[in-house]
Each structure stands twice: as structure tokens, then as C-alpha cells.
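*Asks:* If you scroll down you'll find the structure; I have some questions about it.
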Amino acid sequence: MKVLVIGSGGREYAIGSALSKDPAVEKIWFAPGNGATDALGENLSLSAYDELAAFAKREGIDLTIVGPEAPLVGGIVDVFEKEGLTIFGPSAQAAQLEGSKIFMKNFLARHKIPTARYLETDSFEKAERFIESLEAPIVVKADGLCAGKGVIIAPTREEAKEAARGMLSGEAFGEAGSRIVVEEFLDGYELSVFAVCDGKEYVVLPAAQDHKRLLDGDRGPNTGGMGAYAPTPLIDETLYRKLDERVIRPTLAGMEEEGMPFKGVLFIGVMVVGGEPYILEYNVRFGDPECEVLMPLLKSPASELFYKAATGRLSEARIEFHDRYAVGVVMASKNYPYKSSEPAEIIVDAIHHEDLAANSTIAYAGVSRGDDGKLYATGGRVLVCVGLGDSIREARDRAYMLVGQVHFAGKQCRTDIAYQALQE
Ligand code: AMP
Ligand code: GLY
């Protein structure tokens, strides 16, 4: 099978890495890929959807997998499908679950899926009135995609109003903030739950937990995610069942009923409050760095999961996961998440420890290959060190041993990934 992976991050590297171990996969292309994906396949510099589709036709690509949300919301799946190509990901219409917070909140309300109480509006007066009715902290969200920055958790009503004003005036996020969602703050713990869907059927992957804040102890600014682990013990059979019955099934049935069956990864951002799941958000793609810990846990061939889902035949697939744990620690560059950093050469020490070599892996993200052939850290989140083990502690220890083997100027990482699972 020939596979094309769209995207350039650690998520796409991890997907490529899983595919590269699959005997059914003959060749992998990445568009655009990064400075390390070229070791797994071939990087392409195409980005226009029609050019990518023409390439896929010409090369006889059997399956295209879309990593990031932007091309999904932009309609890449529709372009490929019009050409009769097989592609893993939702249509532009279905991708609104991530592309528009208002679409998502109204969908949840229509299908009685539990979520925070909210108001959607383009009027500052209405936002202000609703803010007055809520207890602080208060959450204010821009409707459109803002590269993960469109959510403000305001500690006071005044700051919530300020955030609403900034968004509605267009100052904060331009057009993406011309409509907003104001909602109550949910106080609980967060989970990332992923369901791979084929339009009707779905497979739920081991639940993961991300660490969004920059610093240990969940302090500092929000980031794209500084580390993740799976499966998390913060979910049990009862909670899985509640999620299945109250969230995943009604979502897929609702999408089908509304004429936009969901195919691809449904990423459910869950807040668990008092044992009950509430939906914070949907994303229509894998989380990053969650994907980097989930892919190494996949036991059955990666092509089987993606291809069967893309062709509406998940019920024929036997998807299995290793009965193990994975912990991923993000190594970021010096100025992340504030501004870009000087490129820094990456050196990975040879791993002589057999046990570590066999139970760890690096997913490369913000890296480029220099003219000198060396690998440089050129992005914010540079790479993810993933450790595997029979317990979270063992996986965590291996991930941090691997971190110790990786060097680049200005590197930073959290030292407490998976702490919520390791608390006594
Ligand atoms: P979102 O993009 O909607 O997931 O928001 C980004 C992050 O903001 C989430 O991962 C949560 O940590 C936080 N967040 C969003 N909505 C709420 C809420 N209603 N209550 C508490 N935290 C929230
Ligand atoms: N790790 C969270 C995200 O990818 O949105």
C-alpha cells in the first residue's frame, strides 16, 4: 500500500513511524513532512489540495491520512473524494465540529450531549449580561480556529468582559472572534479520548492525558501540549460506558442524521466533574502529543486501522493495542511558546542500554535538516521522547532516560509528565 501523510509535526511523524513498521505499507510520502520524516519516506513540497490529489492519482496512492485540522476544515477530504481517492479524515462540513465552537456547542445542545452551560453571541451587551450571571472564573472562546489560542479562562468577570470585547472587536483574533462562546468554568480533570470512526462504526483508543501548561505542576502559559501518556487510570469502565452512551454514539448518530457522517478521528476533550463526563471540545484529528504515545501502543497494523476507517469497513477490522503504557515528554526550544528560537543542532547520544533502546522512541516535530545533513531544532515543540513500559512509572522513567540522551541548546521540558497518574 502507498500512503500519503499530510502534515509536518510529531503527530505525523508518529503516524508515519507506525506505518513504516507495517509490512503492508510499501512507501510513505509526507506533505510537507519535516527534517526527520524523510528517513521514513519521501517529503513533498506540494500544499494545494488539487495538486496533492493530482499527485495521489499519478502515483497510485492507496490511502491519504490527514494530520492537522486546517486542511480538514479547508476541505481537503472533499477534493480527494471527488477524485475518487481514499482519504482518512472528515469532510469540511463534518470538520466544523472543530472549526466552529458555535457549531459544536449547538450540535451538543441539539443532541443533549453534556457540556458547560453557554451563550453564543456576536453582541457585547449579551455577552456582558451572561457574564454577570456566571460565577468566575469564566471561559470565553472565539468561534473560529485560532491555532489553539482562542480560549481565555478569565479569573474575574471584568477580565471575561475584556476578553469578550477584544474578540468581538476583531482585535484579538480577527474574523475568528467575530462570534464568541461564553461558558461556565468546569472544575475537574481533563482527558483526551479518541474514537477512530468510519461514518457509522468506531473504535475507541486508550484514553490519554495531555499536559497543556508549560511548567511543572500545571503552571505557566498554555502550550500545544508538553507531554502525554496513555492509557490513563483516570478513566474506568463506568466512565467509558458513560462516554460511549452519552457522547460517542449520540455524536456519530447525530452527524449521520444531519447528513455529515463523521469519518476520521474524533478527539473528545472531556472534563470529568464528580465522575460525570462533560465535553469541552471536539477536534477532528489526533491530538499532538497524544498521537505520539498512542501510535506505539497500536498492536494491529496501522494501515488496517486507517484504511478500513477511510473505506467505511471498520467492522471488518481487528484493532488491538498492546497491554502496556506509553509516556511522551515534549522537548521544546528555548523561547517556546513565546517566540521562535535560533536553530540549534540536535545531538542524540547512542543508546547502549538494550532495554531502553527496545522500549523507547523519538517522534520528531519542529526539526529541519540543514545543508550539512545535520538535524536542527527549528520549531517550538522540537521532539517527543516516548518511553514504553508495563507500568506508567516504568514508561515514564524510560521516557526521561531518553530525554537525557537528547541535546540541543536551550532545550526545555517538563519533569512531571504523568504525575496525575502517579499520585498515591
Ligand atoms: P478548548 O480549545 O475548548 O479545549 O479549550 C482549551 C482548554 O481550555 C481546554 O483544554 C481546557 O483546559 C480549558 N477549558 C476550555 N473550556 C473550559 C471550561 N468550560 N471549563 C474549564 N476549562 C475549560
Ligand atoms: N494536545 C492537544 C491538541 O492537539 O489539541
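Residues in the C-alpha cells are named by chain (A, B, ... in the order shown) and by number from 1 within that chain; ligands are numbered from 1 in the order shown.
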Among range 190-268 of chain A, which residues carry a DSSP assignment of alpha helix (DSSP H), reported as a PyMOL selection string?
*Replies:* chain A and resi 237-243+249-257
*Asks:* Write out as a PyMOL selection string each polymer residue whose atoms come within 7 Å of Glu190 in chain A, counting only C-alpha atoms; drop sequence neighbours fewer than 4 positions from it.
*Replies:* chain A and resi 209+270-272
*Asks:* Write out as a PyMOL selection string each polymer residue (protein, DNA or RNA) that has an atom no more than 7 Å from ligand 2, with only C-alpha atoms and all ligand atoms counted.
*Replies:* chain A and resi 148+210+224-225+286-290
*Asks:* Output N, CA, C and O atoms of each residue in that selection to a file, as a short mmCIF file (atom, residue, chain, number, x, y, z; two decimals), in the first residue's frame.
*Replies:*
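So the final result, stored in out-v5.cif, reads:
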data_model
loop_
_atom_site.label_atom_id
_atom_site.label_comp_id
_atom_site.auth_asym_id
_atom_site.auth_seq_id
_atom_site.Cartn_x
_atom_site.Cartn_y
_atom_site.Cartn_z
N GLY A 148 -5.15 27.19 18.57
CA GLY A 148 -5.08 26.81 19.99
C GLY A 148 -5.06 27.97 20.97
O GLY A 148 -4.93 27.77 22.16
N ASP A 210 -3.14 14.87 28.35
CA ASP A 210 -2.17 15.83 27.83
C ASP A 210 -1.74 16.74 28.99
O ASP A 210 -2.38 16.74 30.05
N GLY A 224 0.79 23.97 23.10
CA GLY A 224 0.14 22.93 22.31
C GLY A 224 0.08 21.61 23.06
O GLY A 224 -0.66 20.71 22.69
N GLY A 225 0.85 21.48 24.11
CA GLY A 225 0.91 20.22 24.87
C GLY A 225 2.37 19.88 25.14
O GLY A 225 3.16 19.83 24.21
N PHE A 286 -6.12 13.72 15.40
CA PHE A 286 -5.41 13.27 16.60
C PHE A 286 -4.85 14.46 17.37
O PHE A 286 -4.48 15.47 16.78
N GLY A 287 -4.75 14.30 18.68
CA GLY A 287 -4.04 15.29 19.48
C GLY A 287 -2.55 15.13 19.27
O GLY A 287 -2.06 14.07 18.91
N ASP A 288 -1.86 16.21 19.51
CA ASP A 288 -0.41 16.21 19.43
C ASP A 288 0.06 16.83 20.75
O ASP A 288 -0.24 18.00 20.99
N PRO A 289 0.64 16.13 21.68
CA PRO A 289 1.42 14.89 21.59
C PRO A 289 0.69 13.57 21.90
O PRO A 289 1.38 12.56 22.02
N GLU A 290 -0.64 13.56 22.00
CA GLU A 290 -1.30 12.29 22.33
C GLU A 290 -1.01 11.21 21.28
O GLU A 290 -0.82 10.04 21.60
#
*Asks:* Residues at most 10 Å from ligand 1, using only C-alpha atoms and all ligand atoms? Could they come as a VMD selection string?
*Replies:* chain A and resid 98 101 115 to 118 137 to 143 145 to 153 181 to 192 210 to 213 222 to 225 268 to 271 278 to 283
*Asks:* Next, write the just-selected residues to a file, as a short mmCIF file (atom, residue, chain, number, x, y, z; two decimals), in the first residue's frame, keeping N, CA and C atoms as the atom set.
*Replies:*
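And here is the file that came out, result.cif:
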data_model
loop_
_atom_site.label_atom_id
_atom_site.label_comp_id
_atom_site.auth_asym_id
_atom_site.auth_seq_id
_atom_site.Cartn_x
_atom_site.Cartn_y
_atom_site.Cartn_z
N GLU A 98 -14.79 20.94 14.89
CA GLU A 98 -13.63 21.63 15.44
C GLU A 98 -13.54 23.06 14.92
N LYS A 101 -16.65 26.67 17.13
CA LYS A 101 -17.07 26.34 18.50
C LYS A 101 -18.58 26.47 18.62
N THR A 115 -22.38 19.30 28.32
CA THR A 115 -21.31 20.28 28.12
C THR A 115 -21.56 21.46 29.06
N ALA A 116 -20.60 22.38 29.13
CA ALA A 116 -20.76 23.54 30.01
C ALA A 116 -21.90 24.43 29.50
N ARG A 117 -22.63 25.04 30.42
CA ARG A 117 -23.68 26.00 30.06
C ARG A 117 -23.04 27.17 29.31
N TYR A 118 -23.70 27.66 28.26
CA TYR A 118 -23.03 28.65 27.42
C TYR A 118 -23.99 29.62 26.76
N PRO A 137 -14.16 31.61 37.87
CA PRO A 137 -13.67 32.01 36.54
C PRO A 137 -14.71 31.74 35.43
N ILE A 138 -14.51 32.48 34.33
CA ILE A 138 -15.45 32.39 33.21
C ILE A 138 -14.64 32.14 31.93
N VAL A 139 -15.19 31.30 31.08
CA VAL A 139 -14.45 30.91 29.87
C VAL A 139 -15.03 31.64 28.66
N VAL A 140 -14.14 32.26 27.88
CA VAL A 140 -14.56 32.98 26.67
C VAL A 140 -13.79 32.40 25.49
N LYS A 141 -14.56 31.98 24.46
CA LYS A 141 -13.92 31.31 23.31
C LYS A 141 -14.27 32.00 22.00
N ALA A 142 -13.27 32.19 21.18
CA ALA A 142 -13.52 32.69 19.82
C ALA A 142 -14.13 31.54 19.03
N ASP A 143 -15.05 31.86 18.11
CA ASP A 143 -15.74 30.80 17.35
C ASP A 143 -14.79 30.00 16.47
N LEU A 145 -11.06 28.90 14.21
CA LEU A 145 -9.75 28.33 14.53
C LEU A 145 -8.76 29.45 14.86
N CYS A 146 -8.08 29.33 15.99
CA CYS A 146 -7.09 30.35 16.38
C CYS A 146 -5.79 29.68 16.80
N ALA A 147 -5.47 28.59 16.15
CA ALA A 147 -4.22 27.86 16.45
C ALA A 147 -4.07 27.61 17.95
N GLY A 148 -5.15 27.19 18.57
CA GLY A 148 -5.08 26.81 19.99
C GLY A 148 -5.06 27.97 20.97
N LYS A 149 -5.22 29.22 20.46
CA LYS A 149 -5.11 30.37 21.37
C LYS A 149 -6.46 31.03 21.65
N GLY A 150 -7.51 30.53 21.06
CA GLY A 150 -8.80 31.23 21.12
C GLY A 150 -9.62 31.02 22.37
N VAL A 151 -9.03 30.41 23.42
CA VAL A 151 -9.79 30.18 24.65
C VAL A 151 -9.17 30.96 25.79
N ILE A 152 -9.98 31.81 26.42
CA ILE A 152 -9.48 32.58 27.56
C ILE A 152 -10.22 32.13 28.81
N ILE A 153 -9.46 31.79 29.83
CA ILE A 153 -10.09 31.47 31.11
C ILE A 153 -9.89 32.68 32.00
N VAL A 181 -18.25 32.27 22.15
CA VAL A 181 -18.98 31.45 23.11
C VAL A 181 -18.51 31.88 24.49
N VAL A 182 -19.46 32.16 25.38
CA VAL A 182 -19.11 32.42 26.78
C VAL A 182 -19.66 31.24 27.55
N GLU A 183 -18.83 30.63 28.41
CA GLU A 183 -19.38 29.48 29.14
C GLU A 183 -18.88 29.38 30.56
N GLU A 184 -19.62 28.57 31.32
CA GLU A 184 -19.24 28.38 32.72
C GLU A 184 -17.96 27.55 32.78
N PHE A 185 -17.21 27.75 33.83
CA PHE A 185 -15.96 27.04 34.04
C PHE A 185 -16.27 25.70 34.68
N LEU A 186 -15.67 24.65 34.13
CA LEU A 186 -15.86 23.31 34.70
C LEU A 186 -14.62 22.95 35.48
N ASP A 187 -14.82 22.56 36.72
CA ASP A 187 -13.69 22.29 37.59
C ASP A 187 -13.56 20.79 37.78
N GLY A 188 -12.62 20.18 37.07
CA GLY A 188 -12.45 18.74 37.19
C GLY A 188 -11.11 18.35 36.60
N TYR A 189 -11.00 17.13 36.09
CA TYR A 189 -9.76 16.76 35.40
C TYR A 189 -10.07 16.43 33.95
N GLU A 190 -9.05 16.68 33.11
CA GLU A 190 -9.25 16.56 31.67
C GLU A 190 -8.72 15.26 31.12
N LEU A 191 -9.44 14.73 30.15
CA LEU A 191 -8.99 13.53 29.44
C LEU A 191 -9.05 13.79 27.95
N SER A 192 -8.22 13.10 27.19
CA SER A 192 -8.33 13.12 25.73
C SER A 192 -8.78 11.74 25.29
N ASP A 210 -3.14 14.87 28.35
CA ASP A 210 -2.17 15.83 27.83
C ASP A 210 -1.74 16.74 28.99
N HIS A 211 -0.68 17.50 28.81
CA HIS A 211 -0.23 18.47 29.81
C HIS A 211 -0.06 19.78 29.08
N LYS A 212 -1.06 20.64 29.16
CA LYS A 212 -1.08 21.81 28.28
C LYS A 212 -0.19 22.95 28.76
N ARG A 213 0.01 23.03 30.07
CA ARG A 213 0.79 24.16 30.59
C ARG A 213 2.28 23.92 30.40
N ASN A 222 -0.37 28.39 28.54
CA ASN A 222 -0.83 27.24 27.76
C ASN A 222 0.08 27.02 26.57
N THR A 223 0.22 25.76 26.19
CA THR A 223 1.04 25.42 25.02
C THR A 223 0.21 24.47 24.17
N GLY A 224 0.79 23.97 23.10
CA GLY A 224 0.14 22.93 22.31
C GLY A 224 0.08 21.61 23.06
N GLY A 225 0.85 21.48 24.11
CA GLY A 225 0.91 20.22 24.87
C GLY A 225 2.37 19.88 25.14
N ILE A 268 -12.16 13.80 21.57
CA ILE A 268 -13.12 14.37 22.50
C ILE A 268 -12.37 14.89 23.71
N GLY A 269 -12.41 16.20 23.89
CA GLY A 269 -11.80 16.82 25.07
C GLY A 269 -12.84 16.74 26.18
N VAL A 270 -12.54 15.93 27.19
CA VAL A 270 -13.53 15.66 28.24
C VAL A 270 -13.06 16.29 29.53
N MET A 271 -13.98 16.91 30.26
CA MET A 271 -13.71 17.31 31.63
C MET A 271 -14.56 16.41 32.51
N TYR A 278 -18.14 15.77 30.82
CA TYR A 278 -18.66 16.94 30.09
C TYR A 278 -17.73 17.19 28.92
N ILE A 279 -18.31 17.58 27.80
CA ILE A 279 -17.48 17.81 26.62
C ILE A 279 -16.99 19.25 26.59
N LEU A 280 -15.68 19.39 26.57
CA LEU A 280 -15.08 20.73 26.45
C LEU A 280 -15.02 21.13 24.98
N GLU A 281 -14.60 20.17 24.17
CA GLU A 281 -14.44 20.48 22.75
C GLU A 281 -14.32 19.18 21.98
N TYR A 282 -14.56 19.31 20.69
CA TYR A 282 -14.22 18.25 19.77
C TYR A 282 -13.08 18.75 18.91
N ASN A 283 -12.18 17.84 18.59
CA ASN A 283 -11.25 18.11 17.49
C ASN A 283 -11.48 16.99 16.49
#
*Asks:* Residues of range 168-303 of chain A in strand (DSSP E) according to DSSP, as a ChimeraX atom specification?
*Replies:* /A:180-184,189-198,202-204,209-210,213-215,219-222,227-230,263-273,276-283
